[in-house]
Structure formats: C-alpha cells, structure tokens
Amino acid sequence: MANSAQALNIKDLLDRSTEYFDSKGIESPRLNAEWLLAHTLGKKRIELYLQFDRLLTKSETDAYRSLIRERVKNKPLQYIIGETDFMGIKIEVDENVLIPRPETEQLVELALERLKTHNGRAIKILDVGTGSGNIAIALAKFLPAVTITAIEISEKAIAVATRNAEQNEVADRINFIIHDIKSDEFTHTGFDMIISNPPYISLETMSSLSPDVREWEPETALTDFSDGLDMISEVIKLSMGRLNENGIILLEIGGNRQSEPLKKMLSKAGYSNIKIESDYNSHARFASGVFETHKN
Ligand code: GLN
C-alpha cells in the first residue's frame with residue numbers, strides 16, 4: 001500500500017489495501033481488508049459501510065498498516081484478530097492453537113446428534129487434543145449436564161483453552177489436563193463419548209498446505225510427522241477400556257484415503273456400528289464406533 005501523507009477516508013483506505021492484498025496474492029483481499037480495518041477501529045465490518053467518508057487519524061492508519069504488514073506475511077486473519085467463531089461461540093486463538101475449522105463444527109454436530117438419546121442425563125466426555133478448547137467448550141455449552149475431561153500435550157494450548165472456557169462460562173465443567181498421549185499414564189475412565197480432532201495430515205502432505213497454515217499454525221496440531229494415521233491410532237488405543245456400555249468414539253479424519261484403514265482400526269479395537277461419514281465437500285471426515293461390552 002502506497003504511503004500517503006494526506007488523511008484517507010475508510011473507503012479509499014479499503015480500496016487501496018484491497019488492491020495491495022490482491023497484488024500480494026492474499027485470497028479474498030477485500031474481506032481481509034475489511035476485517036482488519038474493522039478490528040483496528042473496534043467496529044463491526046458492516047459499520048465501515050455506514051461511515052465510508054470518515055477520515056482516519058494518523059494513529060488509526062498506522063495501526064491498520066501494521067496489521068496489513070502481518071497479513072502479507074501470511075499470518076492468518078484469525079491470529080491477527082485474536083479470535084474466531086466456532087458454532088456461534090467466540091474462541092480466542094493464537095499461534096499455539098489450531099484455528100478451528102468448519103469441518104470440526106460438523107464433528108460437534110454429529111456428537112450432539114449421537115448424544116441426543118441421553119436426554120439431559122449427566123454424561124462424561126473425553127476430548128483428546130483439545131487445542132483451543134473449541135470442541136470441549138461447544139459440547140459443554142450445548143449440553144448442560146455434561147462434564148468433560150480435555151487433554152492436550154501443549155501447555156501453551158491448555159492456557160488458551162482454559163481462558164476460552166472461562167470466557168464462555170463453562171470452566172466449571174471442563175477439566176483440562178496436560179497429557180502426552182505417547183508417554184504419560186492415563187487413569188481416567190467411564191466416558192460416554194471420546195471425541196478427537198487429532199493431527200491427521202501426513203508429513204508428505206504438509207508441504208502442499210497453504211503458507212497461512214504451513215508457516216503459522218502449530219505443526220504438532222496438524223501432522224503426526226508420519227503417515228497421518230499414527231496419532232489417530234494412539235487415540236483409538238487410549239480409548240480402549242475407557243468407554244461405558246454403548247459409549248461412542250468419534251474422530252475427525254483426513255479424507256477418503258483414511259476411510260478403509262479407520263474401519264479396520266476401529267474394528268480391531270472391538271468397536272461395532274462403525275461408520276465413516278463425509279463432510280460437506282464429500283471427503284470422508286468422521287469415523288465412529290460404538291462400544292458394546294457384550295461383544296467382548
Ligand atoms: N481440538 C482442536 C480442534 O478441533 C485442536 C485439534 C488439533 O490440535 N489437532 O480444532
């Protein structure tokens with residue numbers, strides 16, 4: 001964006017920064033410009049349109065420019081703004097946590113659907129790899145009788161998740177635990193659902209991700225540094241013997257290639273009623289099974 005000594009109004013500033021983002025290959029340049037300016041001014045995006053002629057002060061313009069500089073370094077909009085929306089819930093995010101995705105909203109919707117039969121009965125859920133806490137917090141919000149144990153290897157992520165739970169007033173029903181699934185002992189049991197969005201991207205696929213994701217989001221939340229099935233299998237291993245009768249395991253997975261391996265893994269672990277369901281882009285995205293004790 002060309003530097004200019006004279007004061008600009010909202011419209012001109014948006015036009016210029018949109019052009020600049022476009023020239024730098026930022027997707028949805030106009031939206032990015034609007035979000036960042038709205039954030040700078042502490043306004044809603046729509047409010048910008050109502051004040052197109054308003055001149056910006058030098059300090060407003062400077063603040064906006066510094067956000068623009070961050071965005072052209074591919075820093076995701078959500079990290080710059082510091083929050084995102086997950087199922088209508090405000091979730092604080094920073095570089096220590098994955099930015100919640102729409103697919104994961106679908107995962108939570110599936111969970112809610114499956115738990116309908118519990119009709120408000122007190123139930124226990126385990127969320128493995130909670131990240132920002134998005135899944136646990138959404139479940140706690142939508143299911144008033146639920147208590148959740150949420151585990152996560154990253155101490156920094158747990159700090160974000162804890163703040164999110166407090167902000168959303170569900171901290172009293174979520175027990176966050178720092179836990180390394182590969183080496184720490186886990187003693188909690190008796191869950192009605194075990195849910196997880198584990199790092200399922202293979203190391204090989206990492207290089208094809210967009211720079212926003214590759215350069216900014218936490219690697220350990222994205223990939224298992226292997227074939228994409230390693231952490232999924234750890235979650236399945238952890239789940240064994242921890243579900244109540246008719247308890248459900250529900251996992252987000254990495255697409256059609258993982259469909260057959262997942263069916264085998266879940267069946268080998270003793271689950272029945274195994275289902276692979278697709279996201280809105282027709283990618284196999286959700287794997288689930290039911291624990292029926294009489295089968296074992
Ligand atoms: N549970 C978080 C989410 O669904 C984080 C998942 C992860 O870090 N892999 O977005």
# chains A, B, ... in the order shown; residues from 1 in each chain; ligands from 1
call {"tool": "residues_near_ligand", "arguments": {"ligand": "ligand 1", "cutoff": "7 Å", "atoms": "only C-alpha atoms and all ligand atoms", "output": "list in words"}}
result
Val97, Leu98, Ile99, Pro100, Arg101, Thr104, Gly129, Thr130, Gly131, Ser132, Gly133, Asn134, Ile135, Ser196, Asn197, Pro198, Pro199, Ala221 and Leu222 of chain A
call {"tool": "closest_atom_pairs", "arguments": {"of": "region 58-128 of chain A", "to": "region 273-279 of chain A", "cutoff": "9 Å", "atoms": "only C-alpha atoms", "output": "CSV"}}
result
residue,atom,partner,partner_atom,distance
A:Glu103,CA,A:Asp279,CA,6.4
A:Gln106,CA,A:Asp279,CA,7.4
A:Leu107,CA,A:Asp279,CA,8.9
call {"tool": "write_last_selection", "arguments": {"atoms": "N, CA and C atoms", "output": "JSON list (two decimals), in the first residue's frame"}}
result
[["chain", "number", "residue", "atom", "x", "y", "z"],
["A", 103, "GLU", "N", -15.22, -28.00, 9.41],
["A", 103, "GLU", "CA", -15.37, -29.46, 9.49],
["A", 103, "GLU", "C", -15.54, -29.89, 10.95],
["A", 106, "GLN", "N", -18.88, -29.55, 12.24],
["A", 106, "GLN", "CA", -19.69, -30.70, 11.83],
["A", 106, "GLN", "C", -19.45, -31.90, 12.76],
["A", 107, "LEU", "N", -18.20, -32.04, 13.18],
["A", 107, "LEU", "CA", -17.87, -33.11, 14.14],
["A", 107, "LEU", "C", -18.70, -32.93, 15.42]]
call {"tool": "select_by_dssp", "arguments": {"residues": "region 140-228 of chain A", "states": "strand (DSSP E or B)", "output": "NGL selection string"}}
result
:A and (146-152 or 174-178 or 191-196 or 201 or 223)
call {"tool": "residues_around", "arguments": {"residues": "Ile177 (chain A)", "least_positions_apart": "4", "cutoff": "7 Å", "atoms": "only C-alpha atoms", "output": "list in words"}}
result
Ala150, Ile151 and Glu152 of chain A
call {"tool": "write_last_selection", "arguments": {"atoms": "C-alpha atoms", "output": "compact mmCIF listing (two decimals), in the first residue's frame"}}
result
# COMPACT_ATOMS: atom_id res chain seq x y z
CA ALA A 150 -9.92 -32.37 27.90
CA ILE A 151 -6.33 -33.46 27.37
CA GLU A 152 -3.61 -31.77 25.39
call {"tool": "residues_around", "arguments": {"residues": "Asn175 (chain A)", "least_positions_apart": "5", "cutoff": "10 Å", "atoms": "only C-alpha atoms", "output": "list in words"}}
result
Leu126, Ala136, Thr147, Ile148, Thr149, Ala150, Ile151, Thr162 and Ala165 of chain A
call {"tool": "closest_residue", "arguments": {"among": "A:Ser272, A:Ala63, A:Ser288, A:Met87", "to": "Ala38 (chain A)", "atoms": "only C-alpha atoms"}}
result
A:Ala63
call {"tool": "select_by_dssp", "arguments": {"residues": "region 72-291 of chain A", "states": "alpha helix (DSSP H)", "output": "JSON, numbers by chain"}}
result
{"A": [77, 78, 79, 80, 81, 102, 103, 104, 105, 106, 107, 108, 109, 110, 111, 112, 113, 114, 115, 134, 135, 136, 137, 138, 139, 140, 141, 142, 155, 156, 157, 158, 159, 160, 161, 162, 163, 164, 165, 166, 167, 203, 204, 205, 206, 211, 212, 213, 214, 215, 216, 219, 220, 221, 222, 230, 231, 232, 233, 234, 235, 236, 237, 238, 239, 259, 260, 261, 262, 263, 264, 265, 266, 267, 268]}
call {"tool": "closest_residue", "arguments": {"among": "A:Leu229, A:Ile80, A:Ile153, A:Met265", "to": "Asp212 (chain A)", "atoms": "only C-alpha atoms"}}
result
A:Ile80
call {"tool": "closest_residue", "arguments": {"among": "A:Trp216, A:Glu234, A:Ile137, A:Thr18", "to": "Gln167 (chain A)", "atoms": "only C-alpha atoms"}}
result
A:Ile137
call {"tool": "residues_around", "arguments": {"residues": "Glu113 (chain A)", "least_positions_apart": "3", "cutoff": "12 Å", "atoms": "only C-alpha atoms", "output": "list of chain:residue names"}}
result
A:Gln106, A:Leu107, A:Val108, A:Glu109, A:Leu110, A:Lys116, A:Thr117, A:His118, A:Asn119, A:Leu139, A:Phe142, A:Leu143, A:Ile248, A:Leu250
call {"tool": "write_last_selection", "arguments": {"atoms": "N, CA, C and O atoms", "output": "PDB file, in the first residue's frame"}}
result
ATOM      1  N   GLN A 106     -18.885 -29.547  12.235  1.00  0.00           N
ATOM      2  CA  GLN A 106     -19.693 -30.704  11.830  1.00  0.00           C
ATOM      3  C   GLN A 106     -19.453 -31.897  12.755  1.00  0.00           C
ATOM      4  O   GLN A 106     -20.375 -32.651  13.063  1.00  0.00           O
ATOM      5  N   LEU A 107     -18.201 -32.045  13.180  1.00  0.00           N
ATOM      6  CA  LEU A 107     -17.873 -33.111  14.143  1.00  0.00           C
ATOM      7  C   LEU A 107     -18.697 -32.933  15.422  1.00  0.00           C
ATOM      8  O   LEU A 107     -19.281 -33.891  15.938  1.00  0.00           O
ATOM      9  N   VAL A 108     -18.765 -31.712  15.903  1.00  0.00           N
ATOM     10  CA  VAL A 108     -19.524 -31.442  17.127  1.00  0.00           C
ATOM     11  C   VAL A 108     -21.021 -31.658  16.893  1.00  0.00           C
ATOM     12  O   VAL A 108     -21.722 -32.207  17.742  1.00  0.00           O
ATOM     13  N   GLU A 109     -21.496 -31.270  15.717  1.00  0.00           N
ATOM     14  CA  GLU A 109     -22.917 -31.517  15.407  1.00  0.00           C
ATOM     15  C   GLU A 109     -23.224 -33.012  15.438  1.00  0.00           C
ATOM     16  O   GLU A 109     -24.254 -33.437  15.959  1.00  0.00           O
ATOM     17  N   LEU A 110     -22.316 -33.806  14.865  1.00  0.00           N
ATOM     18  CA  LEU A 110     -22.501 -35.262  14.904  1.00  0.00           C
ATOM     19  C   LEU A 110     -22.525 -35.771  16.347  1.00  0.00           C
ATOM     20  O   LEU A 110     -23.346 -36.615  16.697  1.00  0.00           O
ATOM     21  N   LYS A 116     -28.086 -37.337  21.692  1.00  0.00           N
ATOM     22  CA  LYS A 116     -29.495 -36.952  21.893  1.00  0.00           C
ATOM     23  C   LYS A 116     -30.232 -37.904  22.821  1.00  0.00           C
ATOM     24  O   LYS A 116     -31.011 -37.485  23.668  1.00  0.00           O
ATOM     25  N   THR A 117     -29.959 -39.199  22.632  1.00  0.00           N
ATOM     26  CA  THR A 117     -30.686 -40.215  23.397  1.00  0.00           C
ATOM     27  C   THR A 117     -30.392 -40.117  24.892  1.00  0.00           C
ATOM     28  O   THR A 117     -31.085 -40.710  25.692  1.00  0.00           O
ATOM     29  N   HIS A 118     -29.345 -39.381  25.249  1.00  0.00           N
ATOM     30  CA  HIS A 118     -29.031 -39.264  26.673  1.00  0.00           C
ATOM     31  C   HIS A 118     -29.979 -38.315  27.407  1.00  0.00           C
ATOM     32  O   HIS A 118     -29.982 -38.278  28.638  1.00  0.00           O
ATOM     33  N   ASN A 119     -30.749 -37.563  26.631  1.00  0.00           N
ATOM     34  CA  ASN A 119     -31.824 -36.738  27.199  1.00  0.00           C
ATOM     35  C   ASN A 119     -31.482 -35.978  28.473  1.00  0.00           C
ATOM     36  O   ASN A 119     -32.187 -36.063  29.472  1.00  0.00           O
ATOM     37  N   LEU A 139     -19.352 -28.429  23.280  1.00  0.00           N
ATOM     38  CA  LEU A 139     -20.146 -29.510  23.870  1.00  0.00           C
ATOM     39  C   LEU A 139     -20.693 -29.096  25.239  1.00  0.00           C
ATOM     40  O   LEU A 139     -21.859 -29.341  25.552  1.00  0.00           O
ATOM     41  N   PHE A 142     -23.596 -26.647  24.693  1.00  0.00           N
ATOM     42  CA  PHE A 142     -24.838 -27.202  24.143  1.00  0.00           C
ATOM     43  C   PHE A 142     -25.437 -28.309  24.997  1.00  0.00           C
ATOM     44  O   PHE A 142     -26.603 -28.654  24.834  1.00  0.00           O
ATOM     45  N   LEU A 143     -24.622 -28.899  25.875  1.00  0.00           N
ATOM     46  CA  LEU A 143     -25.114 -29.994  26.713  1.00  0.00           C
ATOM     47  C   LEU A 143     -24.916 -29.619  28.187  1.00  0.00           C
ATOM     48  O   LEU A 143     -23.861 -29.853  28.763  1.00  0.00           O
ATOM     49  N   ILE A 248     -19.399 -43.996  22.779  1.00  0.00           N
ATOM     50  CA  ILE A 248     -19.095 -43.723  21.363  1.00  0.00           C
ATOM     51  C   ILE A 248     -17.703 -43.130  21.208  1.00  0.00           C
ATOM     52  O   ILE A 248     -17.317 -42.234  21.959  1.00  0.00           O
ATOM     53  N   LEU A 250     -15.645 -40.948  18.480  1.00  0.00           N
ATOM     54  CA  LEU A 250     -15.937 -40.122  17.311  1.00  0.00           C
ATOM     55  C   LEU A 250     -14.694 -39.298  16.958  1.00  0.00           C
ATOM     56  O   LEU A 250     -14.225 -38.502  17.760  1.00  0.00           O
TER      57      LEU A 250
END
call {"tool": "closest_residue", "arguments": {"among": "A:Val170, A:Leu8, A:Leu251, A:Val72", "to": "Glu27 (chain A)", "atoms": "only C-alpha atoms"}}
result
A:Val72
call {"tool": "residues_around", "arguments": {"residues": "Val213 (chain A)", "least_positions_apart": "2", "cutoff": "12 Å", "atoms": "only C-alpha atoms", "output": "count of residues only"}}
result
28
call {"tool": "closest_residue", "arguments": {"among": "A:Ser154, A:Asn96, A:Ser17, A:Ser267", "to": "His179 (chain A)", "atoms": "only C-alpha atoms"}}
result
A:Ser154
call {"tool": "atom_distance", "arguments": {"atom1": "CA of Ile10 (chain A)", "atom2": "CA of Ser66 (chain A)"}}
result
16.3 Å
call {"tool": "closest_residue", "arguments": {"among": "A:Ala140, A:Ala145, A:Ile158, A:Ile68", "to": "Val93 (chain A)", "atoms": "only C-alpha atoms"}}
result
A:Ile158
